[in-house]
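A.B. asks: Here it is, the structure, as structure tokens.
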Amino acid sequence: MYLASTKNWYLERAVFLIAGVFSLVGLSVGFFLSEYGFILNLLVGFNLILFSFTGFCPMAIILHKLGLKSKSEVTQ
């Protein structure tokens, strides 16, 4: 079993947190307000797949510009 370190907040961890929050918000909106909320889940899933194949993540770019460092930069 792999357990990630929780001592530091780094870029990749923040991206997973934001993806999870957006996914839960999309589900909540989809169930309680409008079925169009499920589109948010579709976009989150698409972005995670895009990142895994290409390494491109718009949220990571935004967080990096805000000063969050990647795991490799934090552990050096």
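In the structure tokens, chains take the letters A, B, ... in the order shown, each chain's residues start at 1, and ligands count up from 1 in the order shown.
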For Leu40 (chain A), please output as a list in words all residues within 12 Å (counting only C-alpha atoms; exclusion window: fewer than 6 positions along the same chain).
C.D. replies: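 What passes the distance filter is Ala19, Gly20, Val21, Phe22, Ser23, Leu24, Val25, Gly26, Leu27, Ser28, Val29, Gly30, Ser34, Phe46 and Asn47 of chain A.
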A.B. asks: Using N, CA and C atoms, can you write the selected residues to a file as a tab-separated table (two decimals), in the first residue's frame?
C.D. replies:
chain	number	residue	atom	x	y	z
A	19	ALA	N	-9.62	18.82	-7.80
A	19	ALA	CA	-10.39	17.91	-8.67
A	19	ALA	C	-11.47	17.19	-7.87
A	20	GLY	N	-11.15	16.76	-6.67
A	20	GLY	CA	-12.14	16.08	-5.83
A	20	GLY	C	-13.27	17.01	-5.41
A	21	VAL	N	-12.93	18.24	-5.05
A	21	VAL	CA	-13.95	19.21	-4.66
A	21	VAL	C	-14.86	19.52	-5.85
A	22	PHE	N	-14.29	19.78	-7.01
A	22	PHE	CA	-15.09	20.08	-8.19
A	22	PHE	C	-15.99	18.89	-8.56
A	23	SER	N	-15.46	17.68	-8.41
A	23	SER	CA	-16.25	16.50	-8.72
A	23	SER	C	-17.44	16.37	-7.78
A	24	LEU	N	-17.23	16.58	-6.48
A	24	LEU	CA	-18.32	16.50	-5.52
A	24	LEU	C	-19.34	17.62	-5.72
A	25	VAL	N	-18.86	18.81	-6.06
A	25	VAL	CA	-19.77	19.92	-6.35
A	25	VAL	C	-20.62	19.59	-7.58
A	26	GLY	N	-19.99	19.04	-8.61
A	26	GLY	CA	-20.72	18.66	-9.81
A	26	GLY	C	-21.79	17.61	-9.52
A	27	LEU	N	-21.44	16.62	-8.70
A	27	LEU	CA	-22.43	15.60	-8.32
A	27	LEU	C	-23.58	16.21	-7.54
A	28	SER	N	-23.27	17.08	-6.60
A	28	SER	CA	-24.31	17.72	-5.78
A	28	SER	C	-25.24	18.56	-6.64
A	29	VAL	N	-24.67	19.36	-7.52
A	29	VAL	CA	-25.49	20.19	-8.41
A	29	VAL	C	-26.32	19.29	-9.32
A	30	GLY	N	-25.73	18.22	-9.82
A	30	GLY	CA	-26.45	17.31	-10.70
A	30	GLY	C	-27.63	16.62	-10.03
A	34	SER	N	-29.71	20.68	-11.04
A	34	SER	CA	-29.90	20.53	-12.48
A	34	SER	C	-29.00	19.41	-13.00
A	46	PHE	N	-12.19	14.42	-17.83
A	46	PHE	CA	-11.45	14.67	-19.05
A	46	PHE	C	-10.10	15.31	-18.75
A	47	ASN	N	-10.09	16.28	-17.83
A	47	ASN	CA	-8.84	16.96	-17.49
A	47	ASN	C	-7.85	16.00	-16.82
A.B. asks: What's around region 66-74 of chain A at 10 Å? Count only C-alpha atoms, leave out sequence neighbours fewer than 3 positions away in its own chain, and write the answer as a PDB file with N, CA, C and O atoms, in the first residue's frame.
C.D. replies:
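Listing of around_7.pdb after writing:
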ATOM      1  N   ASN A   8       3.693  18.232   3.754  1.00  0.00           N
ATOM      2  CA  ASN A   8       3.722  19.458   2.954  1.00  0.00           C
ATOM      3  C   ASN A   8       2.563  19.484   1.969  1.00  0.00           C
ATOM      4  O   ASN A   8       2.098  18.450   1.519  1.00  0.00           O
ATOM      5  N   TRP A   9       2.143  20.702   1.624  1.00  0.00           N
ATOM      6  CA  TRP A   9       1.177  20.880   0.540  1.00  0.00           C
ATOM      7  C   TRP A   9       1.967  21.236  -0.696  1.00  0.00           C
ATOM      8  O   TRP A   9       2.648  22.248  -0.734  1.00  0.00           O
ATOM      9  N   TYR A  10       1.909  20.383  -1.678  1.00  0.00           N
ATOM     10  CA  TYR A  10       2.612  20.625  -2.922  1.00  0.00           C
ATOM     11  C   TYR A  10       1.610  20.641  -4.057  1.00  0.00           C
ATOM     12  O   TYR A  10       0.423  20.332  -3.883  1.00  0.00           O
ATOM     13  N   LEU A  11       2.061  21.022  -5.230  1.00  0.00           N
ATOM     14  CA  LEU A  11       1.205  21.265  -6.383  1.00  0.00           C
ATOM     15  C   LEU A  11       0.323  20.075  -6.733  1.00  0.00           C
ATOM     16  O   LEU A  11      -0.897  20.216  -6.888  1.00  0.00           O
ATOM     17  N   GLU A  12       0.901  18.907  -6.846  1.00  0.00           N
ATOM     18  CA  GLU A  12       0.138  17.732  -7.262  1.00  0.00           C
ATOM     19  C   GLU A  12      -0.960  17.385  -6.255  1.00  0.00           C
ATOM     20  O   GLU A  12      -2.071  17.003  -6.635  1.00  0.00           O
ATOM     21  N   ARG A  13      -0.662  17.543  -4.993  1.00  0.00           N
ATOM     22  CA  ARG A  13      -1.647  17.262  -3.951  1.00  0.00           C
ATOM     23  C   ARG A  13      -2.797  18.258  -4.017  1.00  0.00           C
ATOM     24  O   ARG A  13      -3.965  17.893  -3.851  1.00  0.00           O
ATOM     25  N   ALA A  14      -2.483  19.517  -4.270  1.00  0.00           N
ATOM     26  CA  ALA A  14      -3.521  20.541  -4.390  1.00  0.00           C
ATOM     27  C   ALA A  14      -4.399  20.293  -5.616  1.00  0.00           C
ATOM     28  O   ALA A  14      -5.613  20.514  -5.566  1.00  0.00           O
ATOM     29  N   ALA A  60      -2.857  23.170 -12.736  1.00  0.00           N
ATOM     30  CA  ALA A  60      -1.474  23.153 -12.256  1.00  0.00           C
ATOM     31  C   ALA A  60      -0.734  24.406 -12.704  1.00  0.00           C
ATOM     32  O   ALA A  60       0.077  24.951 -11.952  1.00  0.00           O
ATOM     33  N   ILE A  61      -1.022  24.875 -13.904  1.00  0.00           N
ATOM     34  CA  ILE A  61      -0.396  26.112 -14.394  1.00  0.00           C
ATOM     35  C   ILE A  61      -0.813  27.282 -13.518  1.00  0.00           C
ATOM     36  O   ILE A  61       0.019  28.105 -13.105  1.00  0.00           O
ATOM     37  N   ILE A  62      -2.100  27.354 -13.202  1.00  0.00           N
ATOM     38  CA  ILE A  62      -2.608  28.446 -12.363  1.00  0.00           C
ATOM     39  C   ILE A  62      -1.991  28.384 -10.968  1.00  0.00           C
ATOM     40  O   ILE A  62      -1.524  29.401 -10.438  1.00  0.00           O
ATOM     41  N   LEU A  63      -1.966  27.198 -10.361  1.00  0.00           N
ATOM     42  CA  LEU A  63      -1.408  27.054  -9.017  1.00  0.00           C
ATOM     43  C   LEU A  63       0.087  27.346  -8.990  1.00  0.00           C
ATOM     44  O   LEU A  63       0.595  27.937  -8.031  1.00  0.00           O
TER      45      LEU A  63
END
A.B. asks: Name the closest residue to Pro58 (chain A) among the candidates A:Thr6, A:Thr75, A:Tyr36, A:Val15; distances are taken between atoms, counting only C-alpha atoms.
C.D. replies: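 Closest residue, counting only C-alpha atoms: A:Val15.
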A.B. asks: Please report the interatomic distance between CA of Leu42 (chain A) and CA of Thr54 (chain A) in Å with one decimal.
C.D. replies: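 Distance reported for this atom pair: 18.0 Å.
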A.B. asks: Could you give me the residues within chain A that DSSP places in alpha helix (DSSP H), as a PyMOL selection string?
C.D. replies: chain A and resi 11-32+38-54+58-65+71-74
